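K.L.:
This is structure.txt (compact mmCIF, C-alpha atoms and all ligand atoms).
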```
# COMPACT_ATOMS: atom_id res chain seq x y z
CA MET A 18 0.00 0.00 0.00
CA SER A 19 1.43 3.36 -0.97
CA LYS A 20 0.51 6.81 0.24
CA GLU A 21 0.71 9.80 -2.04
CA VAL A 22 -0.04 13.50 -1.87
CA LEU A 23 -1.56 15.51 -4.70
CA ASN A 24 -1.18 19.26 -4.70
CA ALA A 25 -4.32 20.74 -6.28
CA LYS A 26 -3.98 24.19 -4.74
CA ARG A 27 -5.17 27.20 -6.74
CA LEU A 28 -7.13 24.95 -9.08
CA LEU A 29 -10.85 25.51 -9.29
CA CYS A 30 -13.40 22.74 -9.68
CA PRO A 31 -13.62 20.57 -11.64
CA LEU A 32 -9.84 20.65 -12.15
CA PRO A 33 -9.01 19.21 -8.69
CA VAL A 34 -11.43 16.36 -9.47
CA ILE A 35 -9.79 15.77 -12.85
CA ARG A 36 -6.29 15.76 -11.31
CA THR A 37 -7.52 13.37 -8.58
CA GLN A 38 -9.07 11.09 -11.19
CA ASP A 39 -5.89 11.06 -13.29
CA LYS A 40 -3.70 10.38 -10.23
CA VAL A 41 -5.95 7.57 -8.97
CA LYS A 42 -5.65 5.87 -12.37
CA THR A 43 -1.94 5.36 -11.66
CA MET A 44 -2.54 3.88 -8.18
CA ALA A 45 -3.62 0.46 -6.93
CA THR A 46 -6.60 -0.65 -4.87
CA GLY A 47 -5.99 0.11 -1.19
CA ASP A 48 -3.51 2.94 -1.89
CA ILE A 49 -4.09 6.20 -0.05
CA LEU A 50 -4.20 9.59 -1.73
CA GLN A 51 -4.23 12.90 0.10
CA VAL A 52 -5.50 15.77 -2.06
CA VAL A 53 -4.69 19.30 -0.92
CA CYS A 54 -6.91 22.01 -2.40
CA THR A 55 -7.88 25.64 -1.98
CA ASP A 56 -11.29 25.57 -3.71
CA PRO A 57 -13.99 24.75 -1.13
CA GLY A 58 -16.03 23.14 -3.93
CA VAL A 59 -13.84 20.03 -3.60
CA MET A 60 -15.53 19.17 -0.31
CA GLN A 61 -18.61 18.34 -2.33
CA ASP A 62 -17.16 17.28 -5.67
CA ILE A 63 -14.36 14.89 -4.69
CA PRO A 64 -16.55 12.83 -2.31
CA ALA A 65 -19.25 12.71 -5.03
CA TRP A 66 -16.64 11.57 -7.56
CA CYS A 67 -15.43 8.92 -5.06
CA ARG A 68 -18.96 7.61 -4.44
CA ILE A 69 -19.59 7.27 -8.17
CA ASN A 70 -16.31 5.60 -8.94
CA GLY A 71 -16.05 3.25 -5.98
CA HIS A 72 -13.37 4.95 -3.87
CA LYS A 73 -13.62 5.69 -0.16
CA VAL A 74 -13.17 9.04 1.52
CA ILE A 75 -11.34 8.40 4.78
CA GLU A 76 -10.98 11.92 6.06
CA THR A 77 -11.76 15.52 5.17
CA VAL A 78 -10.04 18.41 6.91
CA SER A 79 -10.65 22.08 6.28
CA ASP A 80 -9.57 25.40 7.61
CA ASP A 81 -10.13 28.77 6.03
CA MET A 82 -7.36 28.38 3.49
CA GLU A 83 -7.01 24.68 2.66
CA TYR A 84 -9.24 21.72 2.09
CA ILE A 85 -7.71 18.28 2.43
CA ILE A 86 -9.36 15.06 1.37
CA VAL A 87 -7.85 11.67 2.09
CA LEU A 88 -9.19 8.82 0.03
CA GLU A 89 -8.58 5.12 -0.35
CA VAL A 90 -8.47 3.85 -3.91
CA GLY A 91 -11.21 1.31 -4.55
CA MET B 5 -25.67 -15.48 -24.03
CA SER B 6 -25.48 -12.20 -25.91
CA LYS B 7 -22.63 -9.83 -25.21
CA GLN B 8 -23.22 -7.06 -22.68
CA ARG B 9 -23.25 -3.91 -24.80
CA LYS B 10 -21.62 -0.75 -23.47
CA ALA B 11 -22.33 2.87 -24.25
CA VAL B 12 -20.69 6.10 -23.22
CA ALA B 13 -23.07 8.99 -22.56
CA LEU B 14 -22.05 12.62 -22.94
CA ILE B 15 -23.12 14.08 -19.62
CA SER B 16 -23.37 17.85 -19.52
CA GLY B 17 -25.13 18.06 -16.18
CA GLY B 18 -28.40 19.17 -17.81
CA LEU B 19 -31.69 17.33 -17.94
CA ASP B 20 -31.51 16.07 -21.54
CA SER B 21 -28.28 14.14 -21.16
CA LEU B 22 -29.58 12.70 -17.89
CA LEU B 23 -32.75 11.44 -19.57
CA ALA B 24 -30.92 10.12 -22.63
CA ALA B 25 -28.56 8.06 -20.48
CA LYS B 26 -31.40 6.77 -18.30
CA THR B 27 -33.39 5.72 -21.38
CA ILE B 28 -30.51 3.50 -22.48
CA ILE B 29 -29.70 2.17 -18.99
CA GLU B 30 -33.35 1.05 -18.79
CA GLN B 31 -32.71 -1.11 -21.83
CA GLY B 32 -30.03 -3.10 -20.02
CA VAL B 33 -27.03 -1.45 -21.67
CA HIS B 34 -23.96 -0.75 -19.49
CA VAL B 35 -23.57 3.04 -19.55
CA GLU B 36 -20.72 5.20 -18.32
CA GLY B 37 -20.65 8.98 -18.54
CA ILE B 38 -18.10 11.32 -20.04
CA ASN B 39 -17.90 15.04 -19.39
CA PHE B 40 -15.55 17.41 -21.18
CA PHE B 41 -14.07 20.38 -19.36
CA THR B 42 -13.35 23.14 -21.87
CA GLY B 43 -12.58 25.82 -19.28
CA PHE B 44 -15.72 27.73 -20.20
CA CYS B 45 -18.15 25.66 -18.14
CA VAL B 46 -20.17 27.91 -15.86
CA GLU B 47 -20.48 25.77 -12.80
CA GLY B 48 -17.64 25.32 -10.38
CA HIS B 49 -15.47 28.28 -11.12
CA THR B 50 -17.94 31.09 -10.64
CA HIS B 51 -19.33 29.51 -7.52
CA ALA B 52 -15.84 29.16 -6.16
CA ILE B 53 -14.93 32.72 -6.99
CA ARG B 54 -17.98 34.76 -6.18
CA LYS B 55 -18.98 35.05 -2.57
CA LYS B 56 -22.55 36.03 -3.37
CA ASP B 57 -23.04 32.65 -5.03
CA LYS B 58 -22.22 30.90 -1.77
CA ALA B 59 -25.91 30.65 -0.85
CA THR B 60 -26.67 28.46 -3.86
CA PRO B 61 -25.73 24.78 -3.55
CA LYS B 62 -22.31 24.20 -4.99
CA ARG B 63 -22.52 20.94 -6.76
CA ASN B 64 -21.06 19.77 -10.01
CA ASN B 65 -24.13 18.89 -12.03
CA ALA B 66 -22.38 16.31 -14.19
CA LEU B 67 -21.28 14.43 -11.05
CA TRP B 68 -24.78 14.81 -9.64
CA SER B 69 -26.30 13.38 -12.84
CA ALA B 70 -23.92 10.42 -12.76
CA GLU B 71 -24.80 9.75 -9.15
CA GLN B 72 -28.51 9.84 -9.94
CA LEU B 73 -27.93 7.40 -12.75
CA GLY B 74 -25.62 5.18 -10.69
CA ILE B 75 -22.93 5.29 -13.36
CA LYS B 76 -19.23 6.12 -13.48
CA LEU B 77 -18.28 9.54 -14.80
CA HIS B 78 -15.05 10.31 -16.62
CA ILE B 79 -14.21 14.02 -16.61
CA VAL B 80 -11.78 14.90 -19.36
CA ASP B 81 -9.64 18.03 -19.46
CA VAL B 82 -9.83 19.29 -23.05
CA ILE B 83 -8.76 22.87 -22.34
CA ASP B 84 -5.81 22.83 -24.77
CA GLU B 85 -7.43 20.85 -27.55
CA TYR B 86 -10.53 23.00 -27.35
CA LYS B 87 -8.60 26.14 -28.31
CA ASP B 88 -8.62 25.21 -31.97
CA VAL B 89 -12.39 24.65 -31.83
CA LEU B 90 -13.01 28.08 -30.37
CA ILE B 91 -10.41 29.97 -32.36
CA ASN B 92 -11.10 28.45 -35.79
CA PRO B 93 -14.67 27.11 -35.85
CA LYS B 94 -15.35 25.72 -39.32
CA HIS B 95 -19.07 26.27 -38.88
CA GLY B 96 -18.77 29.68 -37.24
CA TYR B 97 -20.16 31.11 -34.04
CA GLY B 98 -23.69 31.30 -32.67
CA ALA B 99 -25.29 34.44 -31.26
CA ASN B 100 -22.17 35.06 -29.18
CA MET B 101 -18.73 33.39 -29.23
CA ASN B 102 -20.26 29.92 -28.90
CA PRO B 103 -19.02 27.60 -31.64
CA CYS B 104 -21.75 25.09 -30.79
CA LEU B 105 -21.71 22.96 -33.91
CA ASP B 106 -17.92 22.58 -33.98
CA CYS B 107 -18.02 22.02 -30.22
CA LYS B 108 -20.51 19.16 -30.55
CA ILE B 109 -18.51 17.62 -33.39
CA PHE B 110 -15.36 17.88 -31.28
CA MET B 111 -16.96 16.29 -28.21
CA VAL B 112 -18.54 13.43 -30.12
CA HIS B 113 -15.20 12.88 -31.87
CA LYS B 114 -13.45 12.70 -28.48
CA ALA B 115 -16.14 10.27 -27.28
CA LYS B 116 -15.51 8.15 -30.39
CA GLU B 117 -11.81 7.99 -29.54
CA TRP B 118 -12.75 7.07 -25.96
CA ILE B 119 -15.00 4.15 -26.92
CA GLU B 120 -12.28 2.79 -29.17
CA GLU B 121 -9.72 2.95 -26.37
CA ASN B 122 -12.10 1.49 -23.78
CA ASP B 123 -13.84 -1.14 -25.87
CA PHE B 124 -17.31 0.39 -25.69
CA ASP B 125 -19.89 -0.05 -28.44
CA PHE B 126 -21.63 3.27 -29.03
CA ILE B 127 -22.18 6.87 -27.98
CA ILE B 128 -25.28 8.57 -26.53
CA THR B 129 -26.07 12.28 -26.44
CA GLY B 130 -29.08 14.17 -25.12
CA GLU B 131 -29.58 16.11 -28.35
CA VAL B 132 -33.13 16.86 -29.49
CA ILE B 133 -33.96 18.03 -33.01
CA GLY B 134 -34.96 21.69 -33.01
CA GLN B 135 -34.02 22.25 -29.39
CA ARG B 136 -31.16 24.65 -30.13
CA PRO B 137 -30.91 26.95 -33.11
CA MET B 138 -27.31 26.26 -34.03
CA SER B 139 -26.31 22.74 -33.19
CA GLN B 140 -29.54 20.80 -32.73
CA ARG B 141 -31.33 21.10 -36.05
CA LYS B 142 -32.50 18.38 -38.39
CA ASP B 143 -29.80 19.33 -40.91
CA THR B 144 -26.97 19.53 -38.34
CA MET B 145 -27.62 16.14 -36.75
CA PRO B 146 -25.98 14.23 -39.63
CA VAL B 147 -23.17 16.81 -39.80
CA ILE B 148 -22.23 16.01 -36.20
CA ALA B 149 -22.43 12.27 -36.82
CA ASN B 150 -20.35 12.47 -40.01
CA GLU B 151 -17.72 15.03 -39.12
CA SER B 152 -17.06 13.54 -35.70
CA GLY B 153 -16.39 10.17 -37.32
CA ALA B 154 -18.98 8.52 -35.06
CA ASP B 155 -21.46 7.99 -37.92
CA ASP B 156 -24.08 5.42 -36.97
CA LEU B 157 -22.46 4.72 -33.60
CA LEU B 158 -24.04 7.96 -32.40
CA LEU B 159 -27.47 7.44 -30.87
CA ARG B 160 -29.73 10.25 -29.68
CA PRO B 161 -32.28 8.42 -27.53
CA LEU B 162 -34.56 11.44 -27.04
CA CYS B 163 -35.22 11.97 -30.75
CA ALA B 164 -34.02 8.69 -32.30
CA GLN B 165 -37.42 7.88 -33.79
CA ASN B 166 -37.18 11.02 -35.92
CA LEU B 167 -33.75 10.06 -37.25
CA PRO B 168 -32.42 7.25 -39.46
CA MET B 169 -31.67 3.95 -37.71
CA THR B 170 -28.29 3.74 -36.03
CA LEU B 171 -26.16 0.63 -35.60
CA PRO B 172 -27.29 -0.07 -32.00
CA GLU B 173 -30.91 -0.05 -33.23
CA ARG B 174 -30.25 -2.16 -36.32
CA GLU B 175 -28.29 -4.71 -34.32
CA GLY B 176 -30.99 -4.89 -31.64
CA TRP B 177 -28.65 -3.67 -28.87
CA VAL B 178 -31.44 -1.20 -28.10
CA ASP B 179 -35.12 -1.31 -28.95
CA ARG B 180 -36.03 1.64 -31.21
CA GLU B 181 -39.64 1.38 -30.07
CA LYS B 182 -38.57 2.32 -26.57
CA LEU B 183 -36.62 5.38 -27.71
CA HIS B 184 -38.28 8.78 -28.12
CA ASN B 185 -39.46 11.20 -30.79
CA PHE B 186 -39.00 14.55 -29.06
CA SER B 187 -38.56 17.58 -31.25
CA GLY B 188 -38.68 21.36 -31.04
CA ARG B 189 -38.11 23.78 -28.23
CA THR B 190 -40.85 22.58 -25.91
CA ARG B 191 -39.59 21.07 -22.66
CA LYS B 192 -42.84 19.32 -21.81
CA PRO B 193 -41.84 15.81 -22.98
CA GLN B 194 -38.58 16.07 -21.02
CA MET B 195 -40.47 17.14 -17.90
CA ALA B 196 -42.88 14.24 -18.27
CA LEU B 197 -40.03 11.77 -18.75
CA ALA B 198 -38.16 13.22 -15.76
CA ALA B 199 -41.28 12.71 -13.64
CA GLN B 200 -41.64 9.16 -14.95
CA PHE B 201 -38.04 8.37 -13.97
CA GLY B 202 -38.50 10.12 -10.62
CA PHE B 203 -35.89 12.82 -11.25
CA ASN B 204 -36.38 16.14 -9.57
CA ASP B 205 -33.96 18.82 -8.46
CA PHE B 206 -32.14 18.59 -11.81
CA ALA B 207 -30.16 21.55 -13.11
CA GLN B 208 -31.85 23.99 -15.45
CA PRO B 209 -29.37 26.86 -15.63
CA ALA B 210 -31.10 29.97 -16.98
CA GLY B 211 -28.11 31.17 -18.99
CA GLY B 212 -27.00 27.74 -20.16
CA CYS B 213 -23.97 25.97 -18.81
CA CYS B 214 -21.29 27.59 -20.95
CA PHE B 215 -19.81 31.07 -20.70
CA LEU B 216 -19.42 31.30 -24.47
CA THR B 217 -23.18 31.80 -24.86
CA ASP B 218 -23.00 34.81 -22.56
CA LYS B 219 -22.82 38.19 -24.34
CA SER B 220 -20.84 39.99 -21.69
CA TYR B 221 -18.26 37.18 -21.48
CA SER B 222 -18.01 36.98 -25.27
CA ASP B 223 -17.43 40.75 -25.50
CA LYS B 224 -14.54 40.43 -23.07
CA LEU B 225 -13.05 37.55 -25.03
CA VAL B 226 -13.24 39.50 -28.31
CA ASP B 227 -11.69 42.51 -26.57
CA LEU B 228 -8.84 40.32 -25.32
CA TRP B 229 -8.10 39.02 -28.81
CA THR B 230 -8.40 42.47 -30.38
CA SER B 231 -6.02 44.02 -27.86
CA ARG B 232 -3.47 41.25 -28.39
CA GLY B 233 -3.80 41.39 -32.15
CA ARG B 234 -4.29 37.62 -32.30
CA LYS B 235 -6.77 34.99 -31.22
CA GLU B 236 -5.12 33.18 -28.33
CA TYR B 237 -5.79 32.46 -24.69
CA ASP B 238 -4.75 30.33 -21.77
CA LEU B 239 -6.65 29.07 -18.75
CA ASP B 240 -5.76 32.12 -16.66
CA ASP B 241 -7.29 34.35 -19.34
CA VAL B 242 -10.44 32.24 -19.33
CA MET B 243 -10.69 32.56 -15.56
CA LEU B 244 -9.93 36.26 -15.37
CA LEU B 245 -12.62 37.06 -17.92
CA LYS B 246 -15.12 35.60 -15.44
CA VAL B 247 -14.03 37.91 -12.66
CA GLY B 248 -14.51 41.60 -11.92
CA ARG B 249 -15.34 44.72 -13.91
CA HIS B 250 -13.19 45.02 -17.03
CA ILE B 251 -12.46 48.57 -18.09
CA ARG B 252 -10.24 49.44 -21.07
CA PRO B 253 -9.29 53.11 -21.22
CA LYS B 254 -6.73 52.51 -24.02
CA SER B 255 -5.78 49.66 -26.32
CA ASN B 256 -2.51 49.01 -24.42
CA PHE B 257 -4.06 48.27 -21.03
CA LYS B 258 -7.21 47.37 -19.16
CA VAL B 259 -8.12 47.41 -15.49
CA ILE B 260 -9.86 44.50 -13.78
CA ILE B 261 -11.59 45.63 -10.59
CA ALA B 262 -12.97 43.13 -8.08
CA ARG B 263 -16.69 43.57 -7.44
CA GLU B 264 -16.80 41.79 -4.13
CA GLU B 265 -14.73 39.99 -1.53
CA GLY B 266 -14.71 36.61 -3.23
CA GLU B 267 -13.39 38.11 -6.44
CA ALA B 268 -10.77 40.11 -4.54
CA ARG B 269 -9.57 36.94 -2.85
CA PHE B 270 -9.39 35.19 -6.17
CA LEU B 271 -7.46 38.06 -7.79
CA GLN B 272 -4.94 38.00 -4.90
CA GLY B 273 -3.57 34.85 -6.50
CA TYR B 274 -2.51 36.85 -9.57
CA LYS B 275 -0.60 39.59 -7.77
CA LYS B 276 2.76 38.37 -9.03
CA GLU B 277 1.55 38.31 -12.63
CA PHE B 278 -0.01 41.79 -12.87
CA ILE B 279 0.67 45.29 -11.66
CA ASN B 280 -2.05 45.70 -9.05
CA MET B 281 -3.42 48.41 -6.84
CA ASN B 282 -5.85 49.26 -4.09
CA CYS B 283 -6.87 52.33 -2.13
CA ALA B 284 -4.60 53.09 0.83
CA SER B 285 -6.53 55.96 2.41
CA HIS B 286 -9.99 54.41 2.10
CA LYS B 287 -11.52 50.98 1.85
CA GLY B 288 -11.68 49.80 -1.72
CA PRO B 289 -11.34 46.93 -4.15
CA LEU B 290 -8.26 45.20 -5.49
CA ALA B 291 -7.56 46.04 -9.13
CA MET B 292 -5.26 44.38 -11.66
CA VAL B 293 -3.74 46.15 -14.64
CA ASP B 294 -3.40 43.94 -17.71
CA GLY B 295 -1.22 45.03 -20.62
CA GLU B 296 1.66 47.47 -20.99
CA PRO B 297 0.61 50.65 -19.18
CA SER B 298 2.71 53.85 -19.12
CA GLU B 299 3.14 55.87 -15.90
CA ALA B 300 0.28 58.13 -17.02
CA ASP B 301 -1.89 55.07 -17.71
CA LEU B 302 -1.27 53.84 -14.16
CA LEU B 303 -2.63 57.10 -12.81
CA VAL B 304 -5.81 56.59 -14.86
CA ALA B 305 -6.02 53.05 -13.46
CA ALA B 306 -5.59 54.47 -9.95
CA GLN B 307 -8.40 56.97 -10.55
CA LEU B 308 -10.64 54.13 -11.67
CA THR B 309 -9.67 52.04 -8.65
CA ALA B 310 -10.50 54.97 -6.37
CA ARG B 311 -13.83 55.42 -8.16
CA TYR B 312 -14.98 51.97 -6.96
CA GLY B 313 -13.81 52.43 -3.35
CA GLN B 314 -15.38 54.14 -0.39
CA GLY B 315 -13.48 57.33 -1.19
CA ARG B 316 -15.30 57.83 -4.49
CA GLU B 317 -16.72 61.16 -3.31
CA ALA B 318 -13.46 62.33 -1.69
CA GLU B 319 -11.33 65.02 -3.27
CA PHE B 320 -8.20 62.91 -3.07
CA VAL B 321 -7.56 59.23 -2.50
CA ASP B 322 -4.19 57.54 -1.91
CA VAL B 323 -3.73 54.44 -4.02
CA THR B 324 -0.97 51.88 -3.51
CA ILE B 325 0.45 50.62 -6.80
CA ARG B 326 2.32 47.31 -6.62
CA GLU B 327 4.68 46.10 -9.34
CA LYS B 328 4.86 42.41 -10.17
CA ASP B 329 8.05 42.11 -8.08
CA GLY B 330 6.19 43.48 -5.05
CA THR B 331 7.74 46.98 -4.98
CA GLU B 332 5.15 49.53 -3.97
CA LYS B 333 4.51 53.22 -4.34
CA VAL B 334 1.61 55.39 -3.22
CA VAL B 335 0.04 57.95 -5.55
CA THR B 336 -2.63 60.50 -4.71
CA VAL B 337 -5.41 60.85 -7.26
CA THR B 338 -8.87 62.33 -7.65
CA PRO B 339 -11.40 59.51 -8.09
CA MET B 340 -12.92 59.44 -11.52
CA LYS B 341 -16.57 60.48 -11.55
CA ALA B 342 -19.12 58.10 -13.02
CA ASP B 343 -19.85 60.45 -15.91
CA GLU B 344 -16.15 60.78 -16.70
CA ILE B 345 -15.91 57.10 -17.62
CA PRO B 346 -16.85 56.75 -21.30
CA LEU B 347 -19.28 53.94 -21.92
CA GLN B 348 -17.00 52.39 -24.51
CA TRP B 349 -14.34 51.81 -21.81
CA MET B 350 -16.61 49.30 -20.10
CA ILE B 351 -16.07 45.94 -21.71
S1 LIG C 401 -23.07 25.99 -25.33
FE1 LIG C 401 -20.83 25.85 -25.10
S2 LIG C 401 -20.44 23.73 -24.44
FE2 LIG C 401 -22.53 23.78 -25.27
S3 LIG C 401 -22.28 23.21 -27.44
FE3 LIG C 401 -22.23 25.46 -27.35
S4 LIG C 401 -20.05 25.98 -27.20
FE4 LIG C 401 -20.25 23.80 -26.66
```
Kindly present the structure from the file in structure tokens form.

P.N.:
Amino acid sequence: MSKEVLNAKRLLCPLPVIRTQDKVKTMATGDILQVVCTDPGVMQDIPAWCRINGHKVIETVSDDMEYIIVLEVG
Amino acid sequence: MSKQRKAVALISGGLDSLLAAKTIIEQGVHVEGINFFTGFCVEGHTHAIRKKDKATPKRNNALWSAEQLGIKLHIVDVIDEYKDVLINPKHGYGANMNPCLDCKIFMVHKAKEWIEENDFDFIITGEVIGQRPMSQRKDTMPVIANESGADDLLLRPLCAQNLPMTLPEREGWVDREKLHNFSGRTRKPQMALAAQFGFNDFAQPAGGCCFLTDKSYSDKLVDLWTSRGRKEYDLDDVMLLKVGRHIRPKSNFKVIIAREEGEARFLQGYKKEFINMNCASHKGPLAMVDGEPSEADLLVAAQLTARYGQGREAEFVDVTIREKDGTEKVVTVTPMKADEIPLQWMI
């Protein structure tokens, strides 16, 4: 199991979702990806994308500046 | 046992593509969605930028549609490839800078490439004959099928009964009798079908889902190309045209002034790429100067910046001008009066 971090700061939705999707394609089932974003829209869009495509959101963290989503590749 | 047939559905996030995909899913076909991000899509960006939009639910309608349908959605970044479609549309533009026919051909062509790579059988769109004046007419339907290279692999479930048989119908992968014969601008059949499928809360954006159909956005894009002397753009240009008031006092520069806090926060991210300014003596918006301004031009920009701040009625306002490298200077200007700003400056 590998753990990777994707920097999607300054990108606006749906670009963080697209970058997440493209990164996940290179990973294996059970791998962990942490996506770091600045667009609050990701808090809705990345979990929705995960639900549709069979991945699991493990954790979401947000403060005023950053939104972090940790997901497990399905 | 017959082979499980697979179709890719172009999902825009609107009702028609949702219904088209559902119609085919109901026939036992395996459907996955594809959504192309050109950079000009309305949702997402504007919500993220503009604070006043925060009250409206911020969802990506294509993802929402896919979730309703219970299908996978592949979002494809076509920003770079799309430039040629927008800059050189073979079939021209619609009422604004929307190259709808070329855009449809491009998207169906990309979907055709996708089904070949992913071993899918055919393509579905939510097009309806007569629904849109430029791209969804009886005479343009075959143009899209032919020029995209999809030919009879392109099925439009909502109006298929008004069109020649496609391969999926001829081969019996789908039952033509269970497809539809919608036509024209009425939305009633779509509403009835949505009710039948139990869909509500679907997106019906008043101004469409693409900035290129918007007059004000198109004017700004044309202005950008005219000022540069060539048709070109990058993603930052696309984004910045969505934000702020754009005022062009002269051909060599324009001023972009944030209209509210969300826009100001967004523009902050571009401070290293543009000369920028804001009022120092009063509260006021952040403004970016795009182009090659002279010292005198910067004073005009400062007067405009002051005009949109709380010191607009003051005799003098101090404005901080910041170079791209961060060096600052403060100038004192008289805010421009509303009637001193020629209408043709406003893009
Ligand atoms: S409205 Fe925009 S996205 Fe839709 S077909 Fe026209 S150019 Fe393409």

K.L.:
Give, as lines of an AutoDock Vina configuration file, the centre coordinates and the x, y and z edge lengths in Å to one decimal for an axis-aligned box around all listed atoms of ligand LIG 401 (chain C), padded by 4 Å on each side.

P.N.:
```
center_x = -21.6
center_y = 24.6
center_z = -25.9
size_x = 11.0
size_y = 10.8
size_z = 11.0
```

K.L.:
What does the distance from atom CA of B:Glu236 to atom CA of B:Lys258 come to in Å, to one decimal?

P.N.:
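Between these atoms lies a distance of 17.0 Å.
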
K.L.:
Fewer than 3 positions away in the same chain doesn't count, so skip those; otherwise give me all residues within 7 Å of stretch 81-85 of chain A, counting all atoms listed in the file, as JSON, numbers by chain.

P.N.:
{"A": [51, 52, 53, 54, 55, 57, 77, 78]}

K.L.:
Go ahead and compute the interatomic distance for atom CA of B:Ile279 and atom CA of B:Glu327, in Å to one decimal.

P.N.:
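Between atom CA of B:Ile279 and atom CA of B:Glu327 the gap works out to 4.7 Å.
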
K.L.:
Hey, which of B:Leu239, B:Met169, B:Met138, B:Cys283 ends up closest to chain A? Count all atoms listed in the file.

P.N.:
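Checking each of B:Leu239, B:Met169, B:Met138, B:Cys283 against chain A, counting all atoms listed in the file, the winner is B:Leu239.
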
K.L.:
What separation in Å, quoted to one decimal, exists between atom CA of B:Asn65 and atom CA of B:Ala207?

P.N.:
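Interatomic distance, atom CA of B:Asn65 to atom CA of B:Ala207: 6.7 Å.
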
K.L.:
Around ligand LIG 401 (chain C), which protein and nucleic acid residues have at least one atom no more than 6 Å from it, if we count only C-alpha atoms and all ligand atoms? List them as an MDAnalysis selection string.

P.N.:
chainID B and resid 102:104 107:108 214 216:217

K.L.:
Please check the contacts: residues of chain A at most 12 Å away from chain B, using all atoms listed in the file, listed as a PDB file with C-alpha atoms, in the coordinates of the input.

P.N.:
```pdb
ATOM      1  CA  LYS A  26      -3.980  24.190  -4.740  1.00  0.00           C
ATOM      2  CA  ARG A  27      -5.170  27.200  -6.740  1.00  0.00           C
ATOM      3  CA  LEU A  28      -7.130  24.950  -9.080  1.00  0.00           C
ATOM      4  CA  LEU A  29     -10.850  25.510  -9.290  1.00  0.00           C
ATOM      5  CA  CYS A  30     -13.400  22.740  -9.680  1.00  0.00           C
ATOM      6  CA  PRO A  31     -13.620  20.570 -11.640  1.00  0.00           C
ATOM      7  CA  LEU A  32      -9.840  20.650 -12.150  1.00  0.00           C
ATOM      8  CA  PRO A  33      -9.010  19.210  -8.690  1.00  0.00           C
ATOM      9  CA  VAL A  34     -11.430  16.360  -9.470  1.00  0.00           C
ATOM     10  CA  ILE A  35      -9.790  15.770 -12.850  1.00  0.00           C
ATOM     11  CA  ARG A  36      -6.290  15.760 -11.310  1.00  0.00           C
ATOM     12  CA  THR A  37      -7.520  13.370  -8.580  1.00  0.00           C
ATOM     13  CA  GLN A  38      -9.070  11.090 -11.190  1.00  0.00           C
ATOM     14  CA  ASP A  39      -5.890  11.060 -13.290  1.00  0.00           C
ATOM     15  CA  LYS A  42      -5.650   5.870 -12.370  1.00  0.00           C
ATOM     16  CA  THR A  55      -7.880  25.640  -1.980  1.00  0.00           C
ATOM     17  CA  ASP A  56     -11.290  25.570  -3.710  1.00  0.00           C
ATOM     18  CA  PRO A  57     -13.990  24.750  -1.130  1.00  0.00           C
ATOM     19  CA  GLY A  58     -16.030  23.140  -3.930  1.00  0.00           C
ATOM     20  CA  VAL A  59     -13.840  20.030  -3.600  1.00  0.00           C
ATOM     21  CA  MET A  60     -15.530  19.170  -0.310  1.00  0.00           C
ATOM     22  CA  GLN A  61     -18.610  18.340  -2.330  1.00  0.00           C
ATOM     23  CA  ASP A  62     -17.160  17.280  -5.670  1.00  0.00           C
ATOM     24  CA  ILE A  63     -14.360  14.890  -4.690  1.00  0.00           C
ATOM     25  CA  PRO A  64     -16.550  12.830  -2.310  1.00  0.00           C
ATOM     26  CA  ALA A  65     -19.250  12.710  -5.030  1.00  0.00           C
ATOM     27  CA  TRP A  66     -16.640  11.570  -7.560  1.00  0.00           C
ATOM     28  CA  CYS A  67     -15.430   8.920  -5.060  1.00  0.00           C
ATOM     29  CA  ARG A  68     -18.960   7.610  -4.440  1.00  0.00           C
ATOM     30  CA  ILE A  69     -19.590   7.270  -8.170  1.00  0.00           C
ATOM     31  CA  ASN A  70     -16.310   5.600  -8.940  1.00  0.00           C
ATOM     32  CA  GLY A  71     -16.050   3.250  -5.980  1.00  0.00           C
ATOM     33  CA  HIS A  72     -13.370   4.950  -3.870  1.00  0.00           C
ATOM     34  CA  MET A  82      -7.360  28.380   3.490  1.00  0.00           C
TER      35      MET A  82
END
```

K.L.:
Please provide as a VMD selection string all residues within 12 Å of A:Met18, with the sequence filter that same-chain residues fewer than 5 positions apart are discarded (counting only C-alpha atoms).

P.N.:
chain A and resid 44 to 50 89 to 90
